[in-house]
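A.B. asks: This is upload23.csv (CSV, C-alpha atoms and all ligand atoms).
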chain,number,residue,atom,x,y,z
A,1,MET,CA,10.9,0.3,7.9
A,2,ASN,CA,10.2,-3.4,8.6
A,3,LEU,CA,6.5,-3.2,9.3
A,4,THR,CA,6.1,-6.8,10.2
A,5,THR,CA,8.7,-6.6,12.9
A,6,ARG,CA,7.3,-3.3,14.2
A,7,LEU,CA,3.8,-4.8,14.2
A,8,SER,CA,4.8,-7.7,16.4
A,9,GLU,CA,6.3,-5.2,18.9
A,10,LEU,CA,3.2,-3.0,18.8
A,11,ALA,CA,1.0,-6.1,19.4
A,12,ARG,CA,2.6,-6.7,22.8
A,13,ILE,CA,1.7,-3.2,24.1
A,14,ARG,CA,-1.2,-3.1,26.6
A,15,THR,CA,-2.2,-0.5,29.1
A,16,THR,CA,-4.4,-0.8,32.1
A,17,THR,CA,-4.5,3.0,32.8
A,18,GLU,CA,-5.2,5.5,30.1
A,19,PRO,CA,-6.1,4.2,26.6
A,20,VAL,CA,-4.0,4.0,23.5
A,21,VAL,CA,-5.3,6.2,20.7
A,22,SER,CA,-5.1,4.6,17.2
A,23,VAL,CA,-6.0,6.8,14.3
A,24,TYR,CA,-6.0,5.8,10.6
A,25,LEU,CA,-6.3,8.4,7.9
A,26,ASP,CA,-6.9,8.2,4.2
A,27,THR,CA,-4.2,10.5,2.9
A,28,HIS,CA,-4.7,9.8,-0.7
A,29,TRP,CA,-5.3,13.4,-1.5
A,30,THR,CA,-7.1,13.5,-4.8
A,31,ASP,CA,-8.7,16.9,-4.2
A,32,GLU,CA,-9.4,19.5,-1.6
A,33,HIS,CA,-12.7,17.7,-0.6
A,34,GLN,CA,-10.7,14.7,0.5
A,35,ARG,CA,-8.6,16.9,2.8
A,36,GLU,CA,-11.8,18.5,4.1
A,37,ARG,CA,-13.4,15.1,4.8
A,38,VAL,CA,-10.4,14.1,6.9
A,39,ARG,CA,-10.5,17.4,8.8
A,40,VAL,CA,-14.1,17.0,9.6
A,41,PHE,CA,-13.7,13.4,10.6
A,42,LEU,CA,-10.8,14.3,13.0
A,43,LYS,CA,-12.7,17.2,14.5
A,44,THR,CA,-15.7,15.1,15.4
A,45,GLU,CA,-13.6,12.2,16.8
A,46,LEU,CA,-11.3,14.4,18.8
A,47,ARG,CA,-14.2,16.1,20.4
A,48,LYS,CA,-15.8,12.7,21.4
A,49,ALA,CA,-12.4,11.5,22.7
A,50,ARG,CA,-11.8,14.6,24.7
A,51,ASP,CA,-15.3,14.3,26.3
A,52,ALA,CA,-14.3,10.7,27.4
A,53,ALA,CA,-10.7,11.5,28.3
A,54,THR,CA,-9.8,10.2,31.7
A,55,GLY,CA,-6.5,11.9,32.6
A,56,PRO,CA,-3.7,14.3,31.6
A,57,GLY,CA,-1.9,11.7,29.6
A,58,SER,CA,-4.9,11.2,27.3
A,59,THR,CA,-5.3,15.0,26.9
A,60,ARG,CA,-1.7,15.2,25.8
A,61,ASP,CA,-2.0,12.2,23.5
A,62,LEU,CA,-5.0,13.8,21.8
A,63,ALA,CA,-3.2,17.1,21.4
A,64,TRP,CA,-0.3,15.3,19.7
A,65,ILE,CA,-2.7,13.4,17.4
A,66,GLU,CA,-4.3,16.7,16.5
A,67,ALA,CA,-1.0,18.5,15.8
A,68,GLU,CA,0.4,15.6,13.7
A,69,SER,CA,-2.8,15.2,11.7
A,70,GLU,CA,-3.0,18.9,10.9
A,71,ALA,CA,0.6,18.8,9.8
A,72,LEU,CA,-0.2,15.9,7.5
A,73,ILE,CA,-3.3,17.6,6.1
A,74,ALA,CA,-1.7,21.0,5.6
A,75,GLN,CA,1.7,20.1,4.3
A,76,ALA,CA,1.3,16.7,2.7
A,77,ARG,CA,4.3,15.7,4.7
A,78,VAL,CA,4.4,12.2,3.4
A,79,PRO,CA,3.0,12.8,-0.1
A,80,GLU,CA,3.8,9.3,-1.4
A,81,ALA,CA,1.9,7.6,1.4
A,82,ARG,CA,-1.8,6.9,0.7
A,83,GLY,CA,-2.6,6.0,4.3
A,84,VAL,CA,-1.1,7.0,7.6
A,85,ALA,CA,-1.5,5.4,11.1
A,86,LEU,CA,-1.0,7.5,14.2
A,87,LEU,CA,-0.6,5.7,17.5
A,88,ALA,CA,-0.4,7.5,20.9
A,89,GLY,CA,-0.3,6.2,24.4
A,90,GLU,CA,1.7,8.3,26.9
A,91,ALA,CA,1.2,5.6,29.6
A,92,VAL,CA,3.2,3.2,27.5
A,93,GLY,CA,5.6,5.7,25.9
A,94,LEU,CA,4.0,5.3,22.4
A,95,ARG,CA,4.0,8.2,19.9
A,96,GLU,CA,4.3,6.9,16.3
A,97,VAL,CA,3.4,8.0,12.8
A,98,LEU,CA,3.4,5.1,10.3
A,99,PRO,CA,2.9,6.1,6.6
A,100,VAL,CA,2.1,3.3,4.2
A,101,ARG,CA,1.3,3.0,0.6
A,102,ALA,CA,-1.9,1.0,1.3
A,103,ARG,CA,-5.1,2.9,1.6
A,104,PHE,CA,-7.0,3.1,4.9
A,105,ASP,CA,-10.6,4.0,5.8
A,106,ASN,CA,-10.6,6.8,8.3
A,107,LEU,CA,-10.8,5.3,11.8
A,108,PHE,CA,-10.4,6.5,15.4
A,109,VAL,CA,-10.2,3.9,18.2
A,110,LEU,CA,-9.5,4.2,21.9
A,111,GLY,CA,-8.5,0.9,23.6
A,112,PRO,CA,-6.2,-0.9,26.0
A,113,ALA,CA,-3.9,-1.9,23.1
A,114,PRO,CA,-3.0,-0.4,19.7
A,115,HIS,CA,-5.7,-1.2,17.1
A,116,LEU,CA,-3.7,-3.0,14.4
A,117,ARG,CA,-6.0,-4.7,12.0
A,118,PRO,CA,-5.6,-2.1,9.2
A,119,LEU,CA,-1.8,-2.1,9.6
A,120,ALA,CA,-1.7,-5.9,9.6
A,121,ALA,CA,-3.6,-5.9,6.3
A,122,ALA,CA,-1.1,-3.4,4.9
A,123,ALA,CA,1.8,-5.6,6.1
A,124,ALA,CA,0.3,-8.8,4.8
A,125,ARG,CA,0.2,-7.3,1.3
A,126,ALA,CA,3.4,-5.3,1.5
A,127,GLU,CA,5.5,-6.8,-1.1
A,128,HIS,CA,8.6,-5.0,-2.3
A,129,VAL,CA,7.7,-4.0,-5.8
A,130,LEU,CA,9.7,-2.5,-8.6
A,131,VAL,CA,7.8,-0.5,-11.2
A,132,VAL,CA,9.5,-0.7,-14.6
A,133,PHE,CA,8.4,1.9,-17.1
A,134,VAL,CA,9.9,1.2,-20.5
A,135,ASP,CA,9.7,2.8,-24.0
A,136,ALA,CA,11.8,2.5,-27.1
A,137,GLU,CA,14.8,4.4,-25.8
A,138,SER,CA,14.4,5.0,-22.1
A,139,ALA,CA,13.3,3.4,-18.9
A,140,ARG,CA,12.3,4.5,-15.4
A,141,LEU,CA,12.7,2.2,-12.4
A,142,VAL,CA,10.8,3.0,-9.2
A,143,PRO,CA,11.1,0.8,-6.1
A,144,VAL,CA,7.9,0.8,-4.0
A,145,GLU,CA,8.0,-0.5,-0.4
A,146,VAL,CA,5.4,-0.6,2.3
A,147,ASP,CA,5.9,3.0,3.2
A,148,GLY,CA,5.8,4.4,-0.3
A,149,ALA,CA,8.0,5.0,-3.4
A,150,GLY,CA,11.8,5.2,-3.2
A,151,ASP,CA,14.1,7.2,-5.5
A,152,GLU,CA,13.4,6.8,-9.2
A,153,VAL,CA,16.3,5.7,-11.5
A,154,SER,CA,16.3,6.8,-15.2
A,155,LEU,CA,18.0,4.7,-17.8
A,156,GLU,CA,18.7,6.3,-21.2
A,157,SER,CA,20.9,5.1,-24.0
A,158,ASP,CA,21.8,8.5,-25.4
A,159,VAL,CA,22.9,10.0,-22.2
A,160,PRO,CA,26.3,9.2,-20.8
A,161,GLY,CA,26.3,7.7,-17.3
A,162,GLN,CA,25.7,10.3,-14.7
A,163,HIS,CA,26.6,8.5,-11.5
A,164,ARG,CA,25.9,11.2,-9.1
A,165,ARG,CA,24.0,8.9,-6.8
A,166,GLY,CA,25.3,6.0,-4.8
A,167,GLY,CA,23.8,2.6,-3.9
A,168,TRP,CA,21.5,0.7,-6.1
A,169,ALA,CA,20.7,3.6,-8.4
A,170,GLN,CA,24.3,3.8,-9.5
A,171,LEU,CA,24.5,0.0,-9.8
A,172,ALA,CA,21.5,-0.1,-12.1
A,173,GLN,CA,22.7,2.8,-14.2
A,174,SER,CA,26.2,1.5,-14.6
A,175,ARG,CA,24.9,-2.0,-15.5
A,176,TYR,CA,22.7,-0.5,-18.1
A,177,GLN,CA,25.4,1.7,-19.6
A,178,ARG,CA,27.9,-1.2,-19.8
A,179,HIS,CA,25.3,-3.4,-21.5
A,180,ILE,CA,24.4,-0.8,-24.0
A,181,ARG,CA,28.0,-0.3,-24.9
A,182,ASP,CA,28.9,-4.0,-25.2
A,183,HIS,CA,25.8,-4.9,-27.1
A,184,ARG,CA,25.5,-2.1,-29.6
A,185,GLY,CA,22.5,-0.3,-28.2
A,186,ARG,CA,20.2,-3.2,-27.4
A,187,HIS,CA,18.0,-1.1,-25.1
A,188,PHE,CA,15.5,-3.8,-23.9
A,189,ASP,CA,18.3,-6.2,-23.1
A,190,ALA,CA,20.2,-3.5,-21.2
A,191,VAL,CA,17.1,-2.6,-19.2
A,192,ALA,CA,16.4,-6.2,-18.4
A,193,ALA,CA,20.0,-6.5,-17.2
A,194,ALA,CA,19.7,-3.5,-15.0
A,195,VAL,CA,16.4,-4.9,-13.5
A,196,SER,CA,18.1,-8.3,-12.9
A,197,GLU,CA,20.9,-6.6,-11.1
A,198,LEU,CA,18.5,-4.9,-8.8
A,199,ALA,CA,16.3,-7.9,-8.2
A,200,ASP,CA,19.2,-10.0,-7.1
A,201,GLY,CA,19.5,-9.5,-3.4
A,202,SER,CA,17.4,-6.4,-3.0
A,203,GLY,CA,14.3,-8.1,-1.8
A,204,ILE,CA,12.2,-7.2,-4.8
A,205,ARG,CA,9.4,-9.7,-5.0
A,206,ARG,CA,7.2,-8.3,-7.8
A,207,LEU,CA,7.6,-6.3,-11.0
A,208,VAL,CA,4.9,-4.1,-12.4
A,209,LEU,CA,5.6,-3.2,-16.0
A,210,ALA,CA,4.4,0.2,-17.3
A,211,GLY,CA,4.1,1.8,-20.7
A,212,GLU,CA,2.4,1.3,-24.0
A,213,ARG,CA,1.0,-2.2,-24.3
A,214,GLU,CA,2.9,-3.3,-27.4
A,215,VAL,CA,6.2,-1.9,-26.2
A,216,VAL,CA,5.8,-3.5,-22.8
A,217,ALA,CA,4.9,-6.9,-24.4
A,218,ALA,CA,8.0,-6.7,-26.5
A,219,PHE,CA,10.2,-5.8,-23.5
A,220,ARG,CA,8.8,-8.6,-21.4
A,221,LYS,CA,10.3,-11.2,-23.8
A,222,HIS,CA,13.7,-9.9,-22.9
A,223,LEU,CA,13.3,-10.6,-19.2
A,224,PRO,CA,15.0,-13.8,-17.8
A,225,ASP,CA,12.4,-16.5,-16.9
A,226,ALA,CA,12.8,-16.1,-13.2
A,227,LEU,CA,12.0,-12.4,-13.4
A,228,ALA,CA,9.2,-12.8,-15.9
A,229,THR,CA,7.3,-15.0,-13.4
A,230,THR,CA,7.4,-12.1,-10.9
A,231,VAL,CA,5.5,-9.8,-13.1
A,232,ALA,CA,2.2,-8.9,-11.4
A,233,GLY,CA,0.8,-7.1,-14.5
A,234,THR,CA,1.1,-4.1,-16.7
A,235,VAL,CA,-0.2,-0.6,-16.2
A,236,ALA,CA,-0.6,2.2,-18.8
A,237,ALA,CA,2.0,5.0,-18.5
A,238,SER,CA,3.8,7.6,-20.6
A,239,ARG,CA,7.4,8.8,-20.3
A,240,HIS,CA,6.9,12.1,-18.6
A,241,GLU,CA,4.0,11.1,-16.3
A,242,ALA,CA,4.4,12.0,-12.6
A,243,VAL,CA,6.0,9.2,-10.6
A,244,ALA,CA,3.2,9.4,-8.0
A,245,ILE,CA,0.6,8.5,-10.7
A,246,LEU,CA,2.7,5.6,-11.9
A,247,VAL,CA,3.1,4.3,-8.4
A,248,ASP,CA,-0.6,4.7,-7.7
A,249,ARG,CA,-1.6,2.5,-10.7
A,250,ALA,CA,1.1,-0.1,-9.8
A,251,THR,CA,0.0,-0.2,-6.2
A,252,ASP,CA,-3.7,-0.7,-7.1
A,253,LEU,CA,-2.7,-3.5,-9.4
A,254,VAL,CA,-0.5,-5.3,-6.8
A,255,ASP,CA,-3.1,-4.7,-4.0
A,256,GLN,CA,-5.8,-6.2,-6.1
A,257,ALA,CA,-3.6,-9.2,-6.9
A,258,GLY,CA,-2.8,-9.5,-3.2
A,259,ARG,CA,-6.4,-9.5,-2.2
A,260,GLU,CA,-7.3,-12.2,-4.7
A,261,GLY,CA,-4.3,-14.3,-3.5
A,262,ALA,CA,-5.4,-14.0,0.1
A,263,GLY,CA,-8.9,-15.1,-0.9
A,264,ARG,CA,-7.5,-18.2,-2.6
A,265,ASP,CA,-5.3,-18.9,0.5
A,266,ALA,CA,-8.3,-18.6,2.7
A,267,ASP,CA,-10.1,-21.2,0.5
A,268,ASP,CA,-7.2,-23.5,0.7
A,269,THR,CA,-7.0,-23.1,4.5
A,270,LEU,CA,-10.7,-24.0,4.9
A,271,THR,CA,-10.2,-27.1,2.7
A,272,GLU,CA,-7.2,-28.1,4.9
A,273,ALA,CA,-9.2,-27.5,8.1
A,274,ALA,CA,-12.0,-29.7,6.8
A,275,LYS,CA,-9.4,-32.5,6.2
A,276,GLY,CA,-8.1,-32.1,9.7
A,277,GLY,CA,-4.7,-30.9,8.6
A,278,ARG,CA,-2.6,-27.9,9.8
A,279,ALA,CA,-5.5,-25.5,9.7
A,280,ILE,CA,-8.6,-24.6,11.7
A,281,ALA,CA,-11.9,-22.9,11.0
A,282,GLY,CA,-14.4,-21.2,13.3
A,283,LEU,CA,-14.1,-19.2,16.4
A,284,GLU,CA,-13.6,-21.8,19.1
A,285,GLY,CA,-10.9,-23.7,17.4
A,286,THR,CA,-9.1,-20.5,16.3
A,287,LEU,CA,-9.1,-19.2,19.9
A,288,GLU,CA,-7.5,-22.4,21.0
A,289,ALA,CA,-4.8,-22.1,18.3
A,290,VAL,CA,-4.2,-18.5,19.1
A,291,LEU,CA,-3.8,-19.3,22.8
A,292,ARG,CA,-1.2,-22.0,22.0
A,293,GLY,CA,0.7,-19.6,19.7
A,294,THR,CA,0.5,-21.9,16.7
A,295,VAL,CA,-1.2,-19.6,14.2
A,296,HIS,CA,0.9,-19.0,11.1
A,297,ARG,CA,-1.7,-17.0,9.2
A,298,LEU,CA,-5.0,-15.7,10.6
A,299,TYR,CA,-7.8,-15.0,8.1
A,300,LEU,CA,-10.7,-13.0,9.3
A,301,LEU,CA,-13.4,-10.8,7.9
A,302,GLU,CA,-12.7,-7.1,8.2
A,303,GLY,CA,-15.9,-6.6,10.0
A,304,PHE,CA,-15.3,-9.4,12.5
A,305,ASP,CA,-16.6,-8.2,15.8
A,306,GLU,CA,-17.2,-10.6,18.7
A,307,PRO,CA,-17.5,-9.5,22.3
A,308,GLY,CA,-15.7,-11.8,24.7
A,309,GLN,CA,-13.3,-12.0,27.6
A,310,ALA,CA,-9.6,-12.4,28.1
A,311,CYS,CA,-8.2,-14.2,31.2
A,312,THR,CA,-5.9,-12.1,33.3
A,313,ALA,CA,-4.0,-15.3,34.5
A,314,CYS,CA,-3.7,-17.8,31.7
A,315,GLY,CA,-4.4,-15.6,28.7
A,316,GLY,CA,-7.3,-17.6,27.5
A,317,LEU,CA,-9.9,-16.0,25.2
A,318,GLN,CA,-13.5,-16.9,25.4
A,319,PRO,CA,-16.7,-15.6,23.8
A,320,GLY,CA,-19.6,-14.3,26.0
A,321,ALA,CA,-19.8,-12.2,29.1
A,322,ASP,CA,-18.8,-14.6,31.9
A,323,ASP,CA,-16.2,-12.8,34.0
A,324,ARG,CA,-14.5,-16.1,35.1
A,325,CYS,CA,-12.0,-18.0,32.9
A,326,ARG,CA,-13.5,-21.3,31.8
A,327,ARG,CA,-10.0,-22.8,31.9
A,328,CYS,CA,-8.6,-21.7,35.1
A,329,GLY,CA,-11.3,-19.8,37.0
A,330,ALA,CA,-9.3,-16.5,37.2
A,331,PRO,CA,-11.0,-13.2,36.6
A,332,THR,CA,-11.3,-12.0,33.0
A,333,THR,CA,-11.5,-8.6,31.4
A,334,ALA,CA,-13.8,-7.7,28.4
A,335,ALA,CA,-12.1,-7.9,25.0
A,336,GLU,CA,-13.3,-7.8,21.4
A,337,LEU,CA,-12.1,-11.2,20.2
A,338,GLY,CA,-11.1,-10.1,16.7
A,339,GLU,CA,-8.7,-7.5,18.0
A,340,ALA,CA,-7.5,-9.8,20.7
A,341,MET,CA,-6.7,-12.6,18.2
A,342,VAL,CA,-5.0,-10.2,15.8
A,343,ASN,CA,-2.7,-8.8,18.4
A,344,ARG,CA,-1.8,-12.2,19.8
A,345,VAL,CA,-1.0,-13.6,16.4
A,346,LEU,CA,1.1,-10.6,15.4
A,347,ALA,CA,2.9,-10.8,18.8
A,348,THR,CA,3.8,-14.4,18.1
A,349,GLY,CA,5.2,-13.7,14.7
A,350,GLY,CA,2.2,-14.8,12.6
A,351,ARG,CA,0.5,-12.8,9.8
A,352,VAL,CA,-3.0,-11.5,9.7
A,353,GLU,CA,-5.0,-11.3,6.5
A,354,PRO,CA,-8.2,-9.3,6.9
A,355,LEU,CA,-10.6,-9.9,4.0
A,356,ALA,CA,-13.4,-7.6,3.1
A,357,THR,CA,-15.7,-10.4,1.9
A,358,HIS,CA,-15.2,-14.1,1.6
A,359,PRO,CA,-18.2,-16.5,1.4
A,360,GLY,CA,-16.3,-19.5,2.8
A,361,LEU,CA,-15.0,-17.6,5.8
A,362,ASP,CA,-18.5,-16.1,6.3
A,363,GLY,CA,-19.8,-19.7,6.6
A,364,ALA,CA,-17.1,-20.6,9.1
A,365,GLY,CA,-18.0,-17.8,11.5
A,366,GLY,CA,-15.7,-15.2,10.0
A,367,VAL,CA,-12.4,-16.7,11.1
A,368,ALA,CA,-9.9,-19.4,10.1
A,369,ALA,CA,-6.2,-20.0,10.5
A,370,ARG,CA,-3.3,-21.8,8.9
A,371,LEU,CA,-1.3,-23.4,11.7
A,372,ARG,CA,2.4,-24.2,12.4
A,373,TYR,CA,1.3,-27.6,13.7
A,374,ALA,CA,-2.0,-29.4,13.9
A,375,LEU,CA,-4.0,-29.0,17.1
A,401,ZN,ZN,-7.5,-18.5,32.6
Translate this file's structure into structure tokens.
Ligand SMILES: [Zn+2]
C.D. replies:
Amino acid sequence: MNLTTRLSELARIRTTTEPVVSVYLDTHWTDEHQRERVRVFLKTELRKARDAATGPGSTRDLAWIEAESEALIAQARVPEARGVALLAGEAVGLREVLPVRARFDNLFVLGPAPHLRPLAAAAARAEHVLVVFVDAESARLVPVEVDGAGDEVSLESDVPGQHRRGGWAQLAQSRYQRHIRDHRGRHFDAVAAAVSELADGSGIRRLVLAGEREVVAAFRKHLPDALATTVAGTVAASRHEAVAILVDRATDLVDQAGREGAGRDADDTLTEAAKGGRAIAGLEGTLEAVLRGTVHRLYLLEGFDEPGQACTACGGLQPGADDRCRRCGAPTTAAELGEAMVNRVLATGGRVEPLATHPGLDGAGGVAARLRYAL
């Protein structure tokens, strides 16, 4: 799934009749209590939504949400996903289940458009990661994409090649076997060769190394420089540990690095804005940039919430309650400006980076943007 592409399509959906239902669930089931928490959350929210339902489409949307959620909770249908988004809007032909490796807080929103902020955050940090577990005589390679872990590939020097699978798994295994044969059992070199083979052209952006600290440090020296610079860090792991646990640790590490990176990018954006470059800080300027479709990256605080109006004619966004557009005088409809900006930016191919906290952004009214061209 290309989440970025799908997001820009979802961001163009709007309904003027029955609302779109957006539900985010934390499906990182660590124990039965966690499942129960999600059940209780859904029950409460579905009851409220049914009380407010305006038509038969909404009733069917809510029934679908309930059935899909129950299937998720009962069967762990997407066990590798730690968060799931469910979007339903019969009026616009929308019924979608989006599992992702990112974690979500439970959230239930009814609105004229899909609520996309949590998904946008997941997409912004969705780097294609390869987890490389290595010990003295074996290795495990696990690709992790935005929607969870892919098939694991095992590399072992004492096992003849078992090329039962096709695609990249076979490529990695055959490369490893060939290297081991040609270089008299130099296991680390052979693993590095297999990893290089995978990284070339497969879109892998980051490596996470896993294993015992000394072993991983020794292996790391065998990686070519270009690959070594993509290492996000190292996590502890043992040879027979469940792949889900390995992926969990790696995901936490990469997400943390991603958040820190986004925080630094936001700082740079604020500096650039202060110099009058291709960046803008504050609500008014960002609204203008959003309207012109020039936002490359939007940084906003996760809790950003600003009531405002969207023009029905020119698309202008403005704070306050005035129901006439201050640009063109046409009637406006009420809109939360954070959501409105997020959807516009996604629809025009930009990225959105919600940040939990950021002192600089806080001081700038909670929002800033990196621009394609200066305003
Ligand atoms: Zn207008």
A.B. asks: Applying 12 Å and all atoms listed in the file, which residues near A:Leu119 remain after dropping the ones on its own chain fewer than 6 positions away? List them as a ChimeraX atom specification.
C.D. replies: /A:3-8,10-11,22-25,83-87,97-105,107,125-126,146-147,342-343,346,351-354
A.B. asks: Restricted to C-alpha atoms, what would the selected residues look like written as an mmCIF file, keeping the file's coordinate frame?
C.D. replies:
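What follows is the written file selection37.cif:
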data_model
loop_
_atom_site.group_PDB
_atom_site.id
_atom_site.type_symbol
_atom_site.label_atom_id
_atom_site.label_comp_id
_atom_site.auth_asym_id
_atom_site.auth_seq_id
_atom_site.Cartn_x
_atom_site.Cartn_y
_atom_site.Cartn_z
ATOM 1 C CA LEU A 3 6.500 -3.200 9.300
ATOM 2 C CA THR A 4 6.100 -6.800 10.200
ATOM 3 C CA THR A 5 8.700 -6.600 12.900
ATOM 4 C CA ARG A 6 7.300 -3.300 14.200
ATOM 5 C CA LEU A 7 3.800 -4.800 14.200
ATOM 6 C CA SER A 8 4.800 -7.700 16.400
ATOM 7 C CA LEU A 10 3.200 -3.000 18.800
ATOM 8 C CA ALA A 11 1.000 -6.100 19.400
ATOM 9 C CA SER A 22 -5.100 4.600 17.200
ATOM 10 C CA VAL A 23 -6.000 6.800 14.300
ATOM 11 C CA TYR A 24 -6.000 5.800 10.600
ATOM 12 C CA LEU A 25 -6.300 8.400 7.900
ATOM 13 C CA GLY A 83 -2.600 6.000 4.300
ATOM 14 C CA VAL A 84 -1.100 7.000 7.600
ATOM 15 C CA ALA A 85 -1.500 5.400 11.100
ATOM 16 C CA LEU A 86 -1.000 7.500 14.200
ATOM 17 C CA LEU A 87 -0.600 5.700 17.500
ATOM 18 C CA VAL A 97 3.400 8.000 12.800
ATOM 19 C CA LEU A 98 3.400 5.100 10.300
ATOM 20 C CA PRO A 99 2.900 6.100 6.600
ATOM 21 C CA VAL A 100 2.100 3.300 4.200
ATOM 22 C CA ARG A 101 1.300 3.000 0.600
ATOM 23 C CA ALA A 102 -1.900 1.000 1.300
ATOM 24 C CA ARG A 103 -5.100 2.900 1.600
ATOM 25 C CA PHE A 104 -7.000 3.100 4.900
ATOM 26 C CA ASP A 105 -10.600 4.000 5.800
ATOM 27 C CA LEU A 107 -10.800 5.300 11.800
ATOM 28 C CA ARG A 125 0.200 -7.300 1.300
ATOM 29 C CA ALA A 126 3.400 -5.300 1.500
ATOM 30 C CA VAL A 146 5.400 -0.600 2.300
ATOM 31 C CA ASP A 147 5.900 3.000 3.200
ATOM 32 C CA VAL A 342 -5.000 -10.200 15.800
ATOM 33 C CA ASN A 343 -2.700 -8.800 18.400
ATOM 34 C CA LEU A 346 1.100 -10.600 15.400
ATOM 35 C CA ARG A 351 0.500 -12.800 9.800
ATOM 36 C CA VAL A 352 -3.000 -11.500 9.700
ATOM 37 C CA GLU A 353 -5.000 -11.300 6.500
ATOM 38 C CA PRO A 354 -8.200 -9.300 6.900
#
A.B. asks: Let me make sure I understand: among A:Pro19, A:Pro56, A:Gly148, A:Gly203, which one has the smallest atom-to-atom distance to A:Arg82 if we use all atoms listed in the file?
C.D. replies: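 Among the listed residues, A:Gly148 lies closest to A:Arg82.
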A.B. asks: Could you produce a table of the residues of chain A lying within 12 Å of ligand ZN 401 (chain A), with the nearest pair of atoms per residue and their separation in Å rounded to one decimal, using all atoms listed in the file, ordered by chain and increasing residue number, as a Markdown table?
C.D. replies:
| residue | atom | partner | partner_atom | distance |
| --- | --- | --- | --- | --- |
| A:Leu291 | CA | A:ZN401 | ZN | 10.5 |
| A:Gln309 | CA | A:ZN401 | ZN | 10.0 |
| A:Ala310 | CA | A:ZN401 | ZN | 7.9 |
| A:Cys311 | CA | A:ZN401 | ZN | 4.6 |
| A:Thr312 | CA | A:ZN401 | ZN | 6.6 |
| A:Ala313 | CA | A:ZN401 | ZN | 5.1 |
| A:Cys314 | CA | A:ZN401 | ZN | 4.0 |
| A:Gly315 | CA | A:ZN401 | ZN | 5.8 |
| A:Gly316 | CA | A:ZN401 | ZN | 5.2 |
| A:Leu317 | CA | A:ZN401 | ZN | 8.2 |
| A:Gln318 | CA | A:ZN401 | ZN | 9.5 |
| A:Asp322 | CA | A:ZN401 | ZN | 12.0 |
| A:Asp323 | CA | A:ZN401 | ZN | 10.5 |
| A:Arg324 | CA | A:ZN401 | ZN | 7.8 |
| A:Cys325 | CA | A:ZN401 | ZN | 4.5 |
| A:Arg326 | CA | A:ZN401 | ZN | 6.7 |
| A:Arg327 | CA | A:ZN401 | ZN | 5.0 |
| A:Cys328 | CA | A:ZN401 | ZN | 4.2 |
| A:Gly329 | CA | A:ZN401 | ZN | 6.0 |
| A:Ala330 | CA | A:ZN401 | ZN | 5.3 |
| A:Pro331 | CA | A:ZN401 | ZN | 7.5 |
| A:Thr332 | CA | A:ZN401 | ZN | 7.5 |
| A:Thr333 | CA | A:ZN401 | ZN | 10.7 |
A.B. asks: Taking all atoms listed in the file into account, name the residue in A:Gly320, A:Pro112, A:Gly263, A:Gly167 that is nearest to A:Ala356.
C.D. replies: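 That would be A:Gly263, the residue with the smallest distance to A:Ala356.
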A.B. asks: May I ask which of the residues A:Glu70, A:Ala120, A:Ala232, A:Glu260 is the closest one to A:Gly349, counting only C-alpha atoms?
C.D. replies: A:Ala120
A.B. asks: I want to know what sits within 10 Å of stretch 238-255 of chain A, based on all atoms listed in the file, with residues of the same chain fewer than 2 positions away left out; could you give that as a ChimeraX atom specification?
C.D. replies: /A:28,79-82,101-103,122,125-127,129-135,138-145,148-149,151-152,206-212,231-236,257-261
A.B. asks: Which value, in Å to one decimal, gives the distance between atom CA of A:Asp189 and atom CA of A:Thr230?
C.D. replies: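 Going from atom CA of A:Asp189 over to atom CA of A:Thr230 covers 17.4 Å.
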A.B. asks: Suppose you want the space between atom CA of A:Glu66 and atom CA of A:Ala121; what is it in Å?
C.D. replies: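 Separation between atom CA of A:Glu66 and atom CA of A:Ala121: 24.8 Å.
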A.B. asks: For A:Gln173, which residue among A:Glu156, A:Leu375, A:Arg186, A:Arg35 is the nearest when counting all atoms listed in the file?
C.D. replies: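 Ranking A:Glu156, A:Leu375, A:Arg186, A:Arg35 by distance to A:Gln173, first place goes to A:Glu156.
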A.B. asks: Select, from A:Met341, A:Leu110, A:Ala199, A:Ala190, the residue with the minimum atom-to-atom distance to A:Lys48, counting all atoms listed in the file.
C.D. replies: A:Leu110
A.B. asks: By how many Å are atom CA of A:Ala194 and atom CA of A:Ala228 apart?
C.D. replies: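 About the pair atom CA of A:Ala194 and atom CA of A:Ala228: they are 14.1 Å apart.
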A.B. asks: Taking 3 positions as the minimum chain separation for residues in the same chain, which residues sit within 12 Å of stretch 91-93 of chain A when counting all atoms listed in the file? Answer as a PyMOL selection string.
C.D. replies: chain A and resi 10+12-21+55-61+87-88+96+112-114
A.B. asks: For the residues in the current selection, export C-alpha atoms as a compact mmCIF listing (two decimals), in the coordinates of the input.
C.D. replies:
# COMPACT_ATOMS: atom_id res chain seq x y z
CA LEU A 10 3.20 -3.00 18.80
CA ARG A 12 2.60 -6.70 22.80
CA ILE A 13 1.70 -3.20 24.10
CA ARG A 14 -1.20 -3.10 26.60
CA THR A 15 -2.20 -0.50 29.10
CA THR A 16 -4.40 -0.80 32.10
CA THR A 17 -4.50 3.00 32.80
CA GLU A 18 -5.20 5.50 30.10
CA PRO A 19 -6.10 4.20 26.60
CA VAL A 20 -4.00 4.00 23.50
CA VAL A 21 -5.30 6.20 20.70
CA GLY A 55 -6.50 11.90 32.60
CA PRO A 56 -3.70 14.30 31.60
CA GLY A 57 -1.90 11.70 29.60
CA SER A 58 -4.90 11.20 27.30
CA THR A 59 -5.30 15.00 26.90
CA ARG A 60 -1.70 15.20 25.80
CA ASP A 61 -2.00 12.20 23.50
CA LEU A 87 -0.60 5.70 17.50
CA ALA A 88 -0.40 7.50 20.90
CA GLU A 96 4.30 6.90 16.30
CA PRO A 112 -6.20 -0.90 26.00
CA ALA A 113 -3.90 -1.90 23.10
CA PRO A 114 -3.00 -0.40 19.70
